[in-house]
$ cat model_38.csv   # CSV, C-alpha atoms
chain,number,residue,atom,x,y,z
A,571,MET,CA,103.6,87.5,89.3
A,572,GLN,CA,102.0,84.1,89.7
A,573,LYS,CA,101.5,83.8,85.9
A,574,ALA,CA,105.1,85.0,85.3
A,575,GLY,CA,106.3,82.0,87.4
A,576,CYS,CA,107.6,84.0,90.4
A,577,ASP,CA,108.2,81.7,93.4
A,578,ARG,CA,110.2,84.0,95.6
A,579,ILE,CA,108.9,87.4,96.7
A,580,LEU,CA,110.5,90.1,98.9
A,581,LEU,CA,108.1,92.5,100.5
A,582,VAL,CA,109.6,96.0,101.1
A,583,PRO,CA,107.2,98.3,103.0
A,584,LEU,CA,108.8,101.7,102.7
A,585,TYR,CA,108.5,102.7,106.3
A,586,PRO,CA,111.9,103.0,107.9
A,587,GLN,CA,110.6,102.9,111.5
A,588,TYR,CA,108.5,99.8,112.0
A,589,SER,CA,105.0,100.1,113.5
A,590,ALA,CA,102.1,97.7,113.6
A,591,ALA,CA,100.1,100.5,112.0
A,592,THR,CA,102.3,100.8,109.0
A,593,THR,CA,104.9,98.1,108.1
A,594,ALA,CA,102.9,95.3,109.7
A,595,THR,CA,99.7,96.4,107.9
A,596,ALA,CA,101.4,96.5,104.5
A,597,ASN,CA,102.7,92.9,105.1
A,598,ASP,CA,99.4,91.7,106.4
A,599,LYS,CA,97.6,92.8,103.2
A,600,ALA,CA,100.1,90.9,101.1
A,601,PHE,CA,99.6,87.8,103.2
A,602,GLU,CA,95.8,88.2,103.1
A,603,ALA,CA,96.0,88.2,99.3
A,604,LEU,CA,98.2,85.0,99.3
A,605,ALA,CA,95.7,83.4,101.7
A,606,LYS,CA,93.0,83.6,99.1
A,607,MET,CA,95.2,82.0,96.4
A,608,ARG,CA,96.1,78.4,95.9
A,609,TRP,CA,99.7,79.5,95.5
A,610,GLN,CA,102.4,79.8,98.1
A,611,PRO,CA,105.7,81.3,97.0
A,612,ALA,CA,108.6,81.8,99.4
A,613,VAL,CA,108.1,85.2,101.0
A,614,ARG,CA,110.6,87.4,102.9
A,615,THR,CA,109.9,90.8,104.5
A,616,VAL,CA,112.4,93.6,104.9
A,617,PRO,CA,112.9,94.3,108.6
A,618,THR,CA,112.9,97.8,110.2
A,619,TYR,CA,115.7,99.9,108.8
A,620,HIS,CA,115.5,102.9,111.1
A,621,ASP,CA,119.1,102.5,112.1
A,622,ASP,CA,120.6,101.1,108.9
A,623,PRO,CA,123.8,103.1,108.1
A,624,VAL,CA,122.7,103.6,104.5
A,625,TYR,CA,119.4,105.1,105.5
A,626,ILE,CA,121.0,107.3,108.2
A,627,SER,CA,123.6,108.6,105.8
A,628,ALA,CA,121.0,109.3,103.2
A,629,ILE,CA,118.9,111.4,105.6
A,630,ALA,CA,122.0,113.2,107.0
A,631,ASN,CA,123.1,114.0,103.5
A,632,SER,CA,119.7,115.2,102.6
A,633,ILE,CA,119.6,117.6,105.5
A,634,GLN,CA,123.2,118.8,104.9
A,635,GLY,CA,122.5,119.5,101.2
A,636,ALA,CA,119.2,121.3,101.9
A,637,VAL,CA,120.7,123.5,104.6
A,638,GLU,CA,123.7,124.4,102.5
A,639,GLY,CA,121.3,125.5,99.7
A,640,LEU,CA,119.3,127.9,101.9
A,641,ASP,CA,119.8,131.6,102.2
A,642,PHE,CA,119.7,131.3,106.0
A,643,GLN,CA,121.0,128.9,108.6
A,644,PRO,CA,118.3,127.1,110.6
A,645,ASP,CA,118.7,127.5,114.4
A,646,VAL,CA,116.7,124.2,114.8
A,647,VAL,CA,115.8,121.4,112.5
A,648,LEU,CA,112.7,119.3,113.4
A,649,ALA,CA,112.6,115.6,112.4
A,650,SER,CA,108.8,115.3,112.3
A,651,TYR,CA,107.5,111.8,112.2
A,652,HIS,CA,103.9,110.6,111.6
A,653,GLY,CA,102.1,110.5,114.9
A,654,LEU,CA,100.7,107.4,116.7
A,655,PRO,CA,98.4,107.0,119.7
A,656,LYS,CA,100.4,106.7,122.9
A,657,SER,CA,98.4,103.6,123.7
A,658,TYR,CA,100.3,101.8,120.9
A,659,HIS,CA,103.6,102.6,122.6
A,660,ASP,CA,102.2,101.5,125.9
A,661,LYS,CA,101.2,98.1,124.4
A,662,GLY,CA,104.8,97.6,123.2
A,663,ASP,CA,104.9,99.1,119.7
A,664,PRO,CA,108.6,100.1,119.2
A,665,TYR,CA,107.9,102.9,116.7
A,666,TYR,CA,108.5,105.7,119.2
A,667,CYS,CA,111.9,104.3,120.2
A,668,TYR,CA,112.9,103.8,116.6
A,669,CYS,CA,112.1,107.4,115.7
A,670,LEU,CA,114.2,108.7,118.6
A,671,LYS,CA,117.1,106.4,117.6
A,672,SER,CA,116.9,107.5,113.9
A,673,THR,CA,117.1,111.2,114.9
A,674,ARG,CA,120.0,110.5,117.3
A,675,LEU,CA,122.0,108.6,114.7
A,676,VAL,CA,121.4,111.3,112.0
A,677,ARG,CA,122.4,114.0,114.5
A,678,GLU,CA,125.6,112.1,115.3
A,679,GLU,CA,126.3,111.6,111.6
A,680,LEU,CA,126.0,115.4,111.1
A,681,GLY,CA,128.0,116.1,114.2
A,682,TRP,CA,125.3,118.5,115.6
A,683,PRO,CA,124.5,119.2,119.2
A,684,LYS,CA,121.4,117.7,120.7
A,685,ASP,CA,119.3,120.8,120.5
A,686,ARG,CA,119.8,121.5,116.8
A,687,LEU,CA,118.0,118.3,115.5
A,688,ILE,CA,115.0,117.4,117.6
A,689,THR,CA,112.2,114.8,117.2
A,690,THR,CA,108.5,115.8,116.9
A,691,PHE,CA,105.3,114.0,115.8
A,692,GLN,CA,102.6,115.3,113.4
A,693,SER,CA,99.1,114.3,112.2
A,694,ARG,CA,97.3,113.6,115.5
A,695,PHE,CA,93.5,113.6,115.7
A,696,GLY,CA,90.8,112.6,118.1
A,697,PRO,CA,90.7,113.1,121.9
A,698,ALA,CA,93.3,110.4,122.9
A,699,GLU,CA,96.9,111.3,123.7
A,700,TRP,CA,99.4,110.8,120.9
A,701,LEU,CA,103.2,110.5,120.9
A,702,GLN,CA,104.8,113.8,121.9
A,703,PRO,CA,106.2,116.4,121.4
A,704,TYR,CA,103.7,117.5,118.8
A,705,THR,CA,105.1,119.3,115.7
A,706,GLU,CA,103.0,122.4,115.4
A,707,PRO,CA,102.9,123.3,119.2
A,708,THR,CA,106.7,122.8,119.2
A,709,LEU,CA,107.0,125.3,116.4
A,710,GLU,CA,104.9,127.8,118.3
A,711,GLU,CA,107.0,127.3,121.4
A,712,LEU,CA,110.2,127.8,119.5
A,713,ALA,CA,108.9,131.0,117.9
A,714,ALA,CA,107.7,132.3,121.3
A,715,ALA,CA,111.1,131.6,122.8
A,716,GLY,CA,112.8,133.7,120.1
A,717,THR,CA,113.8,131.1,117.5
A,718,LYS,CA,113.4,132.8,114.1
A,719,LYS,CA,114.8,130.2,111.7
A,720,VAL,CA,113.8,126.5,111.4
A,721,ALA,CA,113.7,123.7,108.9
A,722,VAL,CA,111.6,120.6,109.0
A,723,ILE,CA,112.3,117.1,107.5
A,724,THR,CA,110.0,114.1,107.6
A,725,PRO,CA,112.3,111.1,107.7
A,726,GLY,CA,109.6,108.6,108.4
A,727,PHE,CA,108.3,109.1,104.8
A,728,SER,CA,110.1,107.7,101.8
A,729,VAL,CA,108.1,109.9,99.4
A,730,ASP,CA,106.5,113.2,99.7
A,731,CYS,CA,102.7,113.1,99.9
A,732,LEU,CA,99.7,115.1,100.9
A,733,GLU,CA,100.7,114.8,104.6
A,734,THR,CA,104.2,116.2,104.1
A,735,LEU,CA,103.4,118.8,101.5
A,736,GLU,CA,100.2,120.1,102.9
A,737,GLU,CA,100.5,119.6,106.6
A,738,ILE,CA,104.2,120.4,106.9
A,739,ALA,CA,105.4,122.5,103.9
A,740,ILE,CA,102.2,124.6,104.0
A,741,GLY,CA,100.5,124.2,107.4
A,742,ALA,CA,103.5,124.0,109.7
A,743,ARG,CA,105.1,126.9,107.8
A,744,LYS,CA,102.0,129.0,108.4
A,745,THR,CA,101.9,128.1,112.1
A,746,PHE,CA,105.6,129.0,112.7
A,747,LEU,CA,105.4,132.3,110.8
A,748,GLU,CA,102.2,133.4,112.5
A,749,ALA,CA,103.8,132.6,115.9
A,750,GLY,CA,106.6,135.0,115.2
A,751,GLY,CA,109.1,133.0,113.2
A,752,GLU,CA,110.8,134.5,110.2
A,753,HIS,CA,112.4,131.8,108.1
A,754,PHE,CA,111.0,128.3,107.5
A,755,ALA,CA,112.3,125.6,105.2
A,756,PHE,CA,110.8,122.2,104.3
A,757,ILE,CA,113.3,119.6,103.5
A,758,GLU,CA,111.9,117.1,100.9
A,759,CYS,CA,111.7,113.4,101.4
A,760,LEU,CA,114.3,111.2,99.7
A,761,ASN,CA,111.8,110.5,97.0
A,762,ASP,CA,113.4,109.1,93.8
A,763,GLY,CA,116.7,110.9,94.3
A,764,GLU,CA,120.1,109.1,94.4
A,765,GLY,CA,119.9,108.8,98.2
A,766,GLY,CA,116.4,107.3,98.2
A,767,MET,CA,117.1,104.8,95.5
A,768,GLY,CA,120.4,103.9,97.2
A,769,VAL,CA,118.5,103.0,100.4
A,770,ILE,CA,116.1,100.7,98.5
A,771,GLN,CA,118.8,99.1,96.5
A,772,ALA,CA,120.9,98.4,99.6
A,773,LEU,CA,117.9,96.9,101.5
A,774,VAL,CA,116.8,94.7,98.5
A,775,LYS,CA,120.3,93.4,97.7
A,776,ARG,CA,120.9,92.5,101.4
A,777,GLU,CA,117.5,90.7,101.8
A,778,LEU,CA,117.8,88.9,98.5
A,779,SER,CA,121.0,87.3,99.7
A,780,GLY,CA,121.0,83.6,98.9
A,781,TRP,CA,118.2,84.1,96.2
A,782,ILE,CA,120.3,85.9,93.7

$ encode --input "model_38.csv" --output "structure tokens"
Amino acid sequence: MQKAGCDRILLVPLYPQYSAATTATANDKAFEALAKMRWQPAVRTVPTYHDDPVYISAIANSIQGAVEGLDFQPDVVLASYHGLPKSYHDKGDPYYCYCLKSTRLVREELGWPKDRLITTFQSRFGPAEWLQPYTEPTLEELAAAGTKKVAVITPGFSVDCLETLEEIAIGARKTFLEAGGEHFAFIECLNDGEGGMGVIQALVKRELSGWI
């Protein structure tokens, strides 16, 4: 980029819900690289977009489309976000609140009752307490309470990866079915579909205002 003459750079970490462990880390790495160069372009960073109407609509449309394509109607849809140690939240990291708000706005967009789209957190490890409720125990509790049909979406991920495909599409499915559930659906991330590309396009166009 330097050799190409770029003097204005927009950093777009693809984490809708800001956290110091994700969005901030991505930006930090970019600034660390710049700190080692005798070159200082103008730099902007995309802010959290957990409540951006374009993102909310894209997630709501993704859920609606996926549910309509199933041969069963989920009783509950889990919006499962990547976990974070509770100590981060206690120190002021807004991630937890952003996740809750994203789920609420998507639920409102869909016109669903509060108990049909719920927030959970996956991928915890170690002895410390992480953000709750945890995804797999929640699936076990739902099955034990008689819920037979669920779907899970991972709205904190822009693209499917090992975590969404192995931990949720495979692992969480196994957990739910072994606990007594009967139907499980994994709703893919936005990936490179029209909705996902529309979110990135909207963010980039907005943040490049005045530059282009």

$ residues_around --input "model_38.csv" --residues "range 749-764 of chain A" --least-positions-apart "6" --cutoff "7 Å" --atoms "all atoms listed in the file" --output "PDB file with C-alpha atoms, keeping the file's coordinate frame"
ATOM      1  CA  ILE A 633     119.600 117.600 105.500  1.00  0.00           C
ATOM      2  CA  ALA A 636     119.200 121.300 101.900  1.00  0.00           C
ATOM      3  CA  GLU A 710     104.900 127.800 118.300  1.00  0.00           C
ATOM      4  CA  ALA A 713     108.900 131.000 117.900  1.00  0.00           C
ATOM      5  CA  ALA A 714     107.700 132.300 121.300  1.00  0.00           C
ATOM      6  CA  THR A 717     113.800 131.100 117.500  1.00  0.00           C
ATOM      7  CA  LYS A 718     113.400 132.800 114.100  1.00  0.00           C
ATOM      8  CA  LYS A 719     114.800 130.200 111.700  1.00  0.00           C
ATOM      9  CA  VAL A 720     113.800 126.500 111.400  1.00  0.00           C
ATOM     10  CA  ALA A 721     113.700 123.700 108.900  1.00  0.00           C
ATOM     11  CA  VAL A 722     111.600 120.600 109.000  1.00  0.00           C
ATOM     12  CA  ILE A 723     112.300 117.100 107.500  1.00  0.00           C
ATOM     13  CA  THR A 724     110.000 114.100 107.600  1.00  0.00           C
ATOM     14  CA  PRO A 725     112.300 111.100 107.700  1.00  0.00           C
ATOM     15  CA  PHE A 727     108.300 109.100 104.800  1.00  0.00           C
ATOM     16  CA  SER A 728     110.100 107.700 101.800  1.00  0.00           C
ATOM     17  CA  VAL A 729     108.100 109.900  99.400  1.00  0.00           C
ATOM     18  CA  ASP A 730     106.500 113.200  99.700  1.00  0.00           C
ATOM     19  CA  ALA A 739     105.400 122.500 103.900  1.00  0.00           C
ATOM     20  CA  ARG A 743     105.100 126.900 107.800  1.00  0.00           C
TER      21      ARG A 743
END

$ closest_residue --input "model_38.csv" --among "A:Cys669, A:Leu773, A:Leu687, A:Ala591" --to "Asp645 in chain A" --atoms "only C-alpha atoms"
A:Leu687

$ residues_around --input "model_38.csv" --residues "Glu737 in chain A" --least-positions-apart "5" --cutoff "8 Å" --atoms "only C-alpha atoms" --output "PyMOL selection string"
chain A and resi 693+732+742

$ closest_residue --input "model_38.csv" --among "A:Gly741, A:Glu706, A:Ser632, A:Ile770" --to "Leu584 in chain A" --atoms "only C-alpha atoms"
A:Ile770

$ atom_distance --input "model_38.csv" --atom1 "CA of Cys731 in chain A" --atom2 "CA of Ala596 in chain A"
17.3 Å

$ closest_residue --input "model_38.csv" --among "A:Trp609, A:Phe746, A:Phe691, A:Tyr588" --to "Ser650 in chain A" --atoms "all atoms listed in the file"
A:Phe691

$ atom_distance --input "model_38.csv" --atom1 "CA of Lys671 in chain A" --atom2 "CA of Asp621 in chain A"
7.0 Å

$ atom_distance --input "model_38.csv" --atom1 "CA of Thr618 in chain A" --atom2 "CA of Pro586 in chain A"
5.8 Å

$ residues_around --input "model_38.csv" --residues "Pro655 in chain A" --least-positions-apart "4" --cutoff "8 Å" --atoms "only C-alpha atoms" --output "CSV table (one decimal) with C-alpha atoms, in the coordinates of the input"
chain,number,residue,atom,x,y,z
A,659,HIS,CA,103.6,102.6,122.6
A,694,ARG,CA,97.3,113.6,115.5
A,698,ALA,CA,93.3,110.4,122.9
A,699,GLU,CA,96.9,111.3,123.7
A,700,TRP,CA,99.4,110.8,120.9
A,701,LEU,CA,103.2,110.5,120.9
